[in-house]
$ cat final.pdb   # PDB, C-alpha atoms
ATOM      1  CA  MET L   1       0.000   0.000   0.000
ATOM      2  CA  SER L   2       1.369   3.432  -0.902
ATOM      3  CA  LYS L   3       0.037   5.150   2.214
ATOM      4  CA  GLU L   4       2.804   6.032   4.651
ATOM      5  CA  THR L   5       0.972   7.497   7.658
ATOM      6  CA  TRP L   6      -1.928   5.990   9.573
ATOM      7  CA  ARG L   7      -3.844   8.705  11.472
ATOM      8  CA  LEU L   8      -6.305   8.255  14.334
ATOM      9  CA  VAL L   9      -8.395  11.321  15.266
ATOM     10  CA  THR L  10     -10.204  11.350  18.618
ATOM     11  CA  ARG L  11     -11.419  13.906  21.194
ATOM     12  CA  ASP L  12     -10.024  14.426  24.657
ATOM     13  CA  ALA L  13     -12.049  15.207  27.779
ATOM     14  CA  ASN L  14     -11.925  18.943  26.981
ATOM     15  CA  GLY L  15     -13.423  18.423  23.521
ATOM     16  CA  GLU L  16     -10.154  19.156  21.705
ATOM     17  CA  LEU L  17      -9.189  17.059  18.702
ATOM     18  CA  VAL L  18      -6.336  14.649  19.376
ATOM     19  CA  ILE L  19      -4.376  13.327  16.392
ATOM     20  CA  HIS L  20      -2.176  10.243  16.675
ATOM     21  CA  ASP L  21       0.026   9.347  13.695
ATOM     22  CA  PHE L  22       1.490   5.877  13.203
ATOM     23  CA  ASP L  23       3.875   4.368  10.654
ATOM     24  CA  SER L  24       1.652   1.309  10.204
ATOM     25  CA  PRO L  25      -1.828   0.120  11.177
ATOM     26  CA  GLU L  26      -0.319  -1.901  14.040
ATOM     27  CA  GLY L  27      -0.317   1.276  16.157
ATOM     28  CA  ILE L  28      -4.104   1.457  15.883
ATOM     29  CA  LEU L  29      -4.388  -2.311  16.434
ATOM     30  CA  ARG L  30      -3.007  -1.822  19.956
ATOM     31  CA  THR L  31      -6.175  -0.001  20.996
ATOM     32  CA  HIS L  32      -8.855  -1.114  18.514
ATOM     33  CA  LEU L  33     -10.089  -4.474  17.247
ATOM     34  CA  GLN L  34      -9.832  -5.138  13.512
ATOM     35  CA  ILE L  35     -13.142  -6.459  12.201
ATOM     36  CA  GLY L  36     -12.364  -6.716   8.512
ATOM     37  CA  SER L  37     -10.625  -5.217   5.507
ATOM     38  CA  ASP L  38     -11.846  -2.465   3.216
ATOM     39  CA  ASP L  39     -12.917  -3.888  -0.120
ATOM     40  CA  CYS L  40     -14.988  -1.118  -1.675
ATOM     41  CA  SER L  41     -13.091   2.161  -1.309
ATOM     42  CA  THR L  42     -13.062   4.395  -4.360
ATOM     43  CA  ASP L  43      -9.436   5.155  -3.488
ATOM     44  CA  LEU L  44      -7.774   1.984  -4.756
ATOM     45  CA  ALA L  45      -4.802   2.481  -2.432
ATOM     46  CA  LEU L  46      -7.153   1.973   0.551
ATOM     47  CA  ARG L  47      -8.491  -1.373  -0.600
ATOM     48  CA  GLY L  48      -7.308  -4.006   1.817
ATOM     49  CA  ALA L  49      -6.798  -1.465   4.619
ATOM     50  CA  PRO L  50      -8.068  -2.657   8.001
ATOM     51  CA  VAL L  51     -11.524  -1.736   9.268
ATOM     52  CA  PHE L  52     -11.661  -1.244  13.045
ATOM     53  CA  ARG L  53     -14.538  -1.611  15.477
ATOM     54  CA  THR L  54     -15.791   1.776  16.782
ATOM     55  CA  LEU L  55     -13.861   3.766  14.152
ATOM     56  CA  ILE L  56     -14.985   5.395  10.918
ATOM     57  CA  GLY L  57     -12.555   4.739   8.097
ATOM     58  CA  PRO L  58     -10.330   4.202   6.312
ATOM     59  CA  MET L  59     -10.510   7.570   4.568
ATOM     60  CA  PRO L  60      -7.867   9.160   2.367
ATOM     61  CA  GLU L  61      -6.302  12.357   3.649
ATOM     62  CA  GLY L  62      -3.982  13.654   0.998
ATOM     63  CA  ARG L  63      -1.811  11.224  -0.921
ATOM     64  CA  SER L  64       0.001   9.461   1.877
ATOM     65  CA  ILE L  65      -2.329   9.408   4.909
ATOM     66  CA  VAL L  66      -4.989   6.878   5.901
ATOM     67  CA  ARG L  67      -7.384   8.464   8.387
ATOM     68  CA  TYR L  68      -9.667   6.899  10.994
ATOM     69  CA  GLU L  69     -12.020   8.891  13.248
ATOM     70  CA  THR L  70     -14.205   8.127  16.217
ATOM     71  CA  PRO L  71     -17.928   8.468  15.456
ATOM     72  CA  GLU L  72     -18.146  11.667  17.568
ATOM     73  CA  VAL L  73     -15.336  13.325  15.625
ATOM     74  CA  PHE L  74     -16.774  12.162  12.296
ATOM     75  CA  GLU L  75     -20.221  13.558  13.130
ATOM     76  CA  ALA L  76     -18.900  16.902  14.381
ATOM     77  CA  LEU L  77     -16.555  17.444  11.429
ATOM     78  CA  THR L  78     -19.246  16.417   8.943
ATOM     79  CA  LYS L  79     -21.724  18.893  10.441
ATOM     80  CA  GLU L  80     -19.061  21.605  10.371
ATOM     81  CA  TRP L  81     -18.214  20.826   6.755
ATOM     82  CA  ALA L  82     -21.870  20.775   5.667
ATOM     83  CA  MET L  83     -22.844  24.103   7.264
ATOM     84  CA  PRO L  84     -23.527  26.760   4.639
ATOM     85  CA  ARG L  85     -21.062  29.571   4.738
ATOM     86  CA  SER L  86     -22.298  33.119   4.522
ATOM     87  CA  PRO L  87     -21.160  34.825   1.344
ATOM     88  CA  ARG L  88     -18.388  37.333   1.606
ATOM     89  CA  ARG L  89     -19.525  40.903   1.364
ATOM     90  CA  ARG L  90     -17.534  43.372  -0.587
ATOM     91  CA  THR L  91     -17.300  46.841   0.792
ATOM     92  CA  ARG L  92     -16.227  49.621  -1.440
ATOM     93  CA  LYS L  93     -14.438  52.560  -0.074
ATOM     94  CA  THR L  94     -15.350  55.858  -1.647
ATOM     95  CA  THR L  95     -12.504  58.004  -2.811
ATOM     96  CA  PRO L  96     -12.659  61.763  -2.235
ATOM     97  CA  ALA L  97     -13.333  62.292  -5.959
ATOM     98  CA  GLN L  98     -16.322  59.927  -5.851
ATOM     99  CA  ALA L  99     -17.687  61.669  -2.752
ATOM    100  CA  THR L 100     -17.407  65.081  -4.467
ATOM    101  CA  ASP L 101     -19.172  63.765  -7.588
ATOM    102  CA  ALA L 102     -22.002  62.331  -5.490
ATOM    103  CA  ALA L 103     -22.432  65.620  -3.615
ATOM    104  CA  SER L 104     -22.524  67.557  -6.918
ATOM    105  CA  ASP L 105     -25.157  65.197  -8.324
ATOM    106  CA  ALA L 106     -27.262  65.657  -5.177
ATOM    107  CA  GLU L 107     -27.052  69.460  -5.452
ATOM    108  CA  ARG L 108     -28.091  69.404  -9.101
ATOM    109  CA  ALA L 109     -31.080  67.206  -8.359
ATOM    110  CA  GLY L 110     -32.222  69.404  -5.488
ATOM    111  CA  GLY L 111     -31.590  72.787  -7.155
TER     112      GLY L 111
END
$ encode --input "final.pdb" --output "structure tokens"
Amino acid sequence: MSKETWRLVTRDANGELVIHDFDSPEGILRTHLQIGSDDCSTDLALRGAPVFRTLIGPMPEGRSIVRYETPEVFEALTKEWAMPRSPRRRTRKTTPAQATDAASDAERAGG
């Protein structure tokens, strides 16, 4: 497999994300039970990667990282990702010449 880093993303007691990186899936095997192997990933490099009980994954993260998340992290990050972002508003600053032109137009209309 061409993936070089195996990443496990969890939350600590304070709610902060905790990222653990391993050189192989054996690091994750120390704390989680493997229940199968991925056989349907659209990323062909992930096919055959282990599937762990209580973890979501494997997911590609860049070219060389296999990512696993706890269900709580997956749900929170998915909700964050799916939230619509408000469009950026452009504000235009008026230059002194534009302000003078606007004042002249207002005087002509009123006079």
$ atom_distance --input "final.pdb" --atom1 "CA of Leu44 in chain L" --atom2 "CA of Pro60 in chain L"
10.1 Å
$ atom_distance --input "final.pdb" --atom1 "CA of Arg30 in chain L" --atom2 "CA of Val51 in chain L"
13.7 Å
$ closest_residue --input "final.pdb" --among "L:Pro25, L:Pro50, L:Pro58, L:Pro71" --to "Thr10 in chain L" --atoms "all atoms listed in the file"
L:Pro71
$ axis_aligned_box --input "final.pdb" --around "range 66-81 of chain L" --padding-each-side "3 Å" --output "lines of an AutoDock Vina configuration file"
center_x = -13.4
center_y = 14.2
center_z = 11.7
size_x = 22.7
size_y = 20.7
size_z = 17.7
$ atom_distance --input "final.pdb" --atom1 "CA of Arg67 in chain L" --atom2 "CA of Glu16 in chain L"
17.3 Å
$ resolve_selection --input "final.pdb" --expression "the PyMOL selection byres ((chain L and resi 19) around 9)" --output "PDB file with C-alpha atoms, in the frame of the given file"
ATOM      1  CA  ARG L   7      -3.844   8.705  11.472  1.00  0.00           C
ATOM      2  CA  LEU L   8      -6.305   8.255  14.334  1.00  0.00           C
ATOM      3  CA  VAL L   9      -8.395  11.321  15.266  1.00  0.00           C
ATOM      4  CA  THR L  10     -10.204  11.350  18.618  1.00  0.00           C
ATOM      5  CA  ARG L  11     -11.419  13.906  21.194  1.00  0.00           C
ATOM      6  CA  LEU L  17      -9.189  17.059  18.702  1.00  0.00           C
ATOM      7  CA  VAL L  18      -6.336  14.649  19.376  1.00  0.00           C
ATOM      8  CA  HIS L  20      -2.176  10.243  16.675  1.00  0.00           C
ATOM      9  CA  ASP L  21       0.026   9.347  13.695  1.00  0.00           C
TER      10      ASP L  21
END
$ closest_residue --input "final.pdb" --among "L:Met59, L:Ser86, L:Gly15, L:Thr54" --to "Cys40 in chain L" --atoms "only C-alpha atoms"
L:Met59
$ closest_residue --input "final.pdb" --among "L:Glu61, L:Glu26, L:Glu72, L:Asp38" --to "Asp12 in chain L" --atoms "all atoms listed in the file"
L:Glu72
$ closest_residue --input "final.pdb" --among "L:Phe52, L:Arg85, L:Lys79, L:Thr91" --to "Gln34 in chain L" --atoms "all atoms listed in the file"
L:Phe52
$ resolve_selection --input "final.pdb" --expression "the PyMOL selection byres ((chain L and resi 63) around 12)" --output "PDB file with C-alpha atoms, in the frame of the given file"
ATOM      1  CA  MET L   1       0.000   0.000   0.000  1.00  0.00           C
ATOM      2  CA  SER L   2       1.369   3.432  -0.902  1.00  0.00           C
ATOM      3  CA  LYS L   3       0.037   5.150   2.214  1.00  0.00           C
ATOM      4  CA  GLU L   4       2.804   6.032   4.651  1.00  0.00           C
ATOM      5  CA  THR L   5       0.972   7.497   7.658  1.00  0.00           C
ATOM      6  CA  TRP L   6      -1.928   5.990   9.573  1.00  0.00           C
ATOM      7  CA  ASP L  43      -9.436   5.155  -3.488  1.00  0.00           C
ATOM      8  CA  LEU L  44      -7.774   1.984  -4.756  1.00  0.00           C
ATOM      9  CA  ALA L  45      -4.802   2.481  -2.432  1.00  0.00           C
ATOM     10  CA  LEU L  46      -7.153   1.973   0.551  1.00  0.00           C
ATOM     11  CA  MET L  59     -10.510   7.570   4.568  1.00  0.00           C
ATOM     12  CA  PRO L  60      -7.867   9.160   2.367  1.00  0.00           C
ATOM     13  CA  GLU L  61      -6.302  12.357   3.649  1.00  0.00           C
ATOM     14  CA  GLY L  62      -3.982  13.654   0.998  1.00  0.00           C
ATOM     15  CA  SER L  64       0.001   9.461   1.877  1.00  0.00           C
ATOM     16  CA  ILE L  65      -2.329   9.408   4.909  1.00  0.00           C
ATOM     17  CA  VAL L  66      -4.989   6.878   5.901  1.00  0.00           C
ATOM     18  CA  ARG L  67      -7.384   8.464   8.387  1.00  0.00           C
TER      19      ARG L  67
END
$ decode --input "final.pdb" --residues "chain L" --atoms "C-alpha atoms" --output "PDB file, in the first residue's frame"
ATOM      1  CA  MET L   1       0.000   0.000   0.000  1.00  0.00           C
ATOM      2  CA  SER L   2       1.369   3.432  -0.902  1.00  0.00           C
ATOM      3  CA  LYS L   3       0.037   5.150   2.214  1.00  0.00           C
ATOM      4  CA  GLU L   4       2.804   6.032   4.651  1.00  0.00           C
ATOM      5  CA  THR L   5       0.972   7.497   7.658  1.00  0.00           C
ATOM      6  CA  TRP L   6      -1.928   5.990   9.573  1.00  0.00           C
ATOM      7  CA  ARG L   7      -3.844   8.705  11.472  1.00  0.00           C
ATOM      8  CA  LEU L   8      -6.305   8.255  14.334  1.00  0.00           C
ATOM      9  CA  VAL L   9      -8.395  11.321  15.266  1.00  0.00           C
ATOM     10  CA  THR L  10     -10.204  11.350  18.618  1.00  0.00           C
ATOM     11  CA  ARG L  11     -11.419  13.906  21.194  1.00  0.00           C
ATOM     12  CA  ASP L  12     -10.024  14.426  24.657  1.00  0.00           C
ATOM     13  CA  ALA L  13     -12.049  15.207  27.779  1.00  0.00           C
ATOM     14  CA  ASN L  14     -11.925  18.943  26.981  1.00  0.00           C
ATOM     15  CA  GLY L  15     -13.423  18.423  23.521  1.00  0.00           C
ATOM     16  CA  GLU L  16     -10.154  19.156  21.705  1.00  0.00           C
ATOM     17  CA  LEU L  17      -9.189  17.059  18.702  1.00  0.00           C
ATOM     18  CA  VAL L  18      -6.336  14.649  19.376  1.00  0.00           C
ATOM     19  CA  ILE L  19      -4.376  13.327  16.392  1.00  0.00           C
ATOM     20  CA  HIS L  20      -2.176  10.243  16.675  1.00  0.00           C
ATOM     21  CA  ASP L  21       0.026   9.347  13.695  1.00  0.00           C
ATOM     22  CA  PHE L  22       1.490   5.877  13.203  1.00  0.00           C
ATOM     23  CA  ASP L  23       3.875   4.368  10.654  1.00  0.00           C
ATOM     24  CA  SER L  24       1.652   1.309  10.204  1.00  0.00           C
ATOM     25  CA  PRO L  25      -1.828   0.120  11.177  1.00  0.00           C
ATOM     26  CA  GLU L  26      -0.319  -1.901  14.040  1.00  0.00           C
ATOM     27  CA  GLY L  27      -0.317   1.276  16.157  1.00  0.00           C
ATOM     28  CA  ILE L  28      -4.104   1.457  15.883  1.00  0.00           C
ATOM     29  CA  LEU L  29      -4.388  -2.311  16.434  1.00  0.00           C
ATOM     30  CA  ARG L  30      -3.007  -1.822  19.956  1.00  0.00           C
ATOM     31  CA  THR L  31      -6.175  -0.001  20.996  1.00  0.00           C
ATOM     32  CA  HIS L  32      -8.855  -1.114  18.514  1.00  0.00           C
ATOM     33  CA  LEU L  33     -10.089  -4.474  17.247  1.00  0.00           C
ATOM     34  CA  GLN L  34      -9.832  -5.138  13.512  1.00  0.00           C
ATOM     35  CA  ILE L  35     -13.142  -6.459  12.201  1.00  0.00           C
ATOM     36  CA  GLY L  36     -12.364  -6.716   8.512  1.00  0.00           C
ATOM     37  CA  SER L  37     -10.625  -5.217   5.507  1.00  0.00           C
ATOM     38  CA  ASP L  38     -11.846  -2.465   3.216  1.00  0.00           C
ATOM     39  CA  ASP L  39     -12.917  -3.888  -0.120  1.00  0.00           C
ATOM     40  CA  CYS L  40     -14.988  -1.118  -1.675  1.00  0.00           C
ATOM     41  CA  SER L  41     -13.091   2.161  -1.309  1.00  0.00           C
ATOM     42  CA  THR L  42     -13.062   4.395  -4.360  1.00  0.00           C
ATOM     43  CA  ASP L  43      -9.436   5.155  -3.488  1.00  0.00           C
ATOM     44  CA  LEU L  44      -7.774   1.984  -4.756  1.00  0.00           C
ATOM     45  CA  ALA L  45      -4.802   2.481  -2.432  1.00  0.00           C
ATOM     46  CA  LEU L  46      -7.153   1.973   0.551  1.00  0.00           C
ATOM     47  CA  ARG L  47      -8.491  -1.373  -0.600  1.00  0.00           C
ATOM     48  CA  GLY L  48      -7.308  -4.006   1.817  1.00  0.00           C
ATOM     49  CA  ALA L  49      -6.798  -1.465   4.619  1.00  0.00           C
ATOM     50  CA  PRO L  50      -8.068  -2.657   8.001  1.00  0.00           C
ATOM     51  CA  VAL L  51     -11.524  -1.736   9.268  1.00  0.00           C
ATOM     52  CA  PHE L  52     -11.661  -1.244  13.045  1.00  0.00           C
ATOM     53  CA  ARG L  53     -14.538  -1.611  15.477  1.00  0.00           C
ATOM     54  CA  THR L  54     -15.791   1.776  16.782  1.00  0.00           C
ATOM     55  CA  LEU L  55     -13.861   3.766  14.152  1.00  0.00           C
ATOM     56  CA  ILE L  56     -14.985   5.395  10.918  1.00  0.00           C
ATOM     57  CA  GLY L  57     -12.555   4.739   8.097  1.00  0.00           C
ATOM     58  CA  PRO L  58     -10.330   4.202   6.312  1.00  0.00           C
ATOM     59  CA  MET L  59     -10.510   7.570   4.568  1.00  0.00           C
ATOM     60  CA  PRO L  60      -7.867   9.160   2.367  1.00  0.00           C
ATOM     61  CA  GLU L  61      -6.302  12.357   3.649  1.00  0.00           C
ATOM     62  CA  GLY L  62      -3.982  13.654   0.998  1.00  0.00           C
ATOM     63  CA  ARG L  63      -1.811  11.224  -0.921  1.00  0.00           C
ATOM     64  CA  SER L  64       0.001   9.461   1.877  1.00  0.00           C
ATOM     65  CA  ILE L  65      -2.329   9.408   4.909  1.00  0.00           C
ATOM     66  CA  VAL L  66      -4.989   6.878   5.901  1.00  0.00           C
ATOM     67  CA  ARG L  67      -7.384   8.464   8.387  1.00  0.00           C
ATOM     68  CA  TYR L  68      -9.667   6.899  10.994  1.00  0.00           C
ATOM     69  CA  GLU L  69     -12.020   8.891  13.248  1.00  0.00           C
ATOM     70  CA  THR L  70     -14.205   8.127  16.217  1.00  0.00           C
ATOM     71  CA  PRO L  71     -17.928   8.468  15.456  1.00  0.00           C
ATOM     72  CA  GLU L  72     -18.146  11.667  17.568  1.00  0.00           C
ATOM     73  CA  VAL L  73     -15.336  13.325  15.625  1.00  0.00           C
ATOM     74  CA  PHE L  74     -16.774  12.162  12.296  1.00  0.00           C
ATOM     75  CA  GLU L  75     -20.221  13.558  13.130  1.00  0.00           C
ATOM     76  CA  ALA L  76     -18.900  16.902  14.381  1.00  0.00           C
ATOM     77  CA  LEU L  77     -16.555  17.444  11.429  1.00  0.00           C
ATOM     78  CA  THR L  78     -19.246  16.417   8.943  1.00  0.00           C
ATOM     79  CA  LYS L  79     -21.724  18.893  10.441  1.00  0.00           C
ATOM     80  CA  GLU L  80     -19.061  21.605  10.371  1.00  0.00           C
ATOM     81  CA  TRP L  81     -18.214  20.826   6.755  1.00  0.00           C
ATOM     82  CA  ALA L  82     -21.870  20.775   5.667  1.00  0.00           C
ATOM     83  CA  MET L  83     -22.844  24.103   7.264  1.00  0.00           C
ATOM     84  CA  PRO L  84     -23.527  26.760   4.639  1.00  0.00           C
ATOM     85  CA  ARG L  85     -21.062  29.571   4.738  1.00  0.00           C
ATOM     86  CA  SER L  86     -22.298  33.119   4.522  1.00  0.00           C
ATOM     87  CA  PRO L  87     -21.160  34.825   1.344  1.00  0.00           C
ATOM     88  CA  ARG L  88     -18.388  37.333   1.606  1.00  0.00           C
ATOM     89  CA  ARG L  89     -19.525  40.903   1.364  1.00  0.00           C
ATOM     90  CA  ARG L  90     -17.534  43.372  -0.587  1.00  0.00           C
ATOM     91  CA  THR L  91     -17.300  46.841   0.792  1.00  0.00           C
ATOM     92  CA  ARG L  92     -16.227  49.621  -1.440  1.00  0.00           C
ATOM     93  CA  LYS L  93     -14.438  52.560  -0.074  1.00  0.00           C
ATOM     94  CA  THR L  94     -15.350  55.858  -1.647  1.00  0.00           C
ATOM     95  CA  THR L  95     -12.504  58.004  -2.811  1.00  0.00           C
ATOM     96  CA  PRO L  96     -12.659  61.763  -2.235  1.00  0.00           C
ATOM     97  CA  ALA L  97     -13.333  62.292  -5.959  1.00  0.00           C
ATOM     98  CA  GLN L  98     -16.322  59.927  -5.851  1.00  0.00           C
ATOM     99  CA  ALA L  99     -17.687  61.669  -2.752  1.00  0.00           C
ATOM    100  CA  THR L 100     -17.407  65.081  -4.467  1.00  0.00           C
ATOM    101  CA  ASP L 101     -19.172  63.765  -7.588  1.00  0.00           C
ATOM    102  CA  ALA L 102     -22.002  62.331  -5.490  1.00  0.00           C
ATOM    103  CA  ALA L 103     -22.432  65.620  -3.615  1.00  0.00           C
ATOM    104  CA  SER L 104     -22.524  67.557  -6.918  1.00  0.00           C
ATOM    105  CA  ASP L 105     -25.157  65.197  -8.324  1.00  0.00           C
ATOM    106  CA  ALA L 106     -27.262  65.657  -5.177  1.00  0.00           C
ATOM    107  CA  GLU L 107     -27.052  69.460  -5.452  1.00  0.00           C
ATOM    108  CA  ARG L 108     -28.091  69.404  -9.101  1.00  0.00           C
ATOM    109  CA  ALA L 109     -31.080  67.206  -8.359  1.00  0.00           C
ATOM    110  CA  GLY L 110     -32.222  69.404  -5.488  1.00  0.00           C
ATOM    111  CA  GLY L 111     -31.590  72.787  -7.155  1.00  0.00           C
TER     112      GLY L 111
END
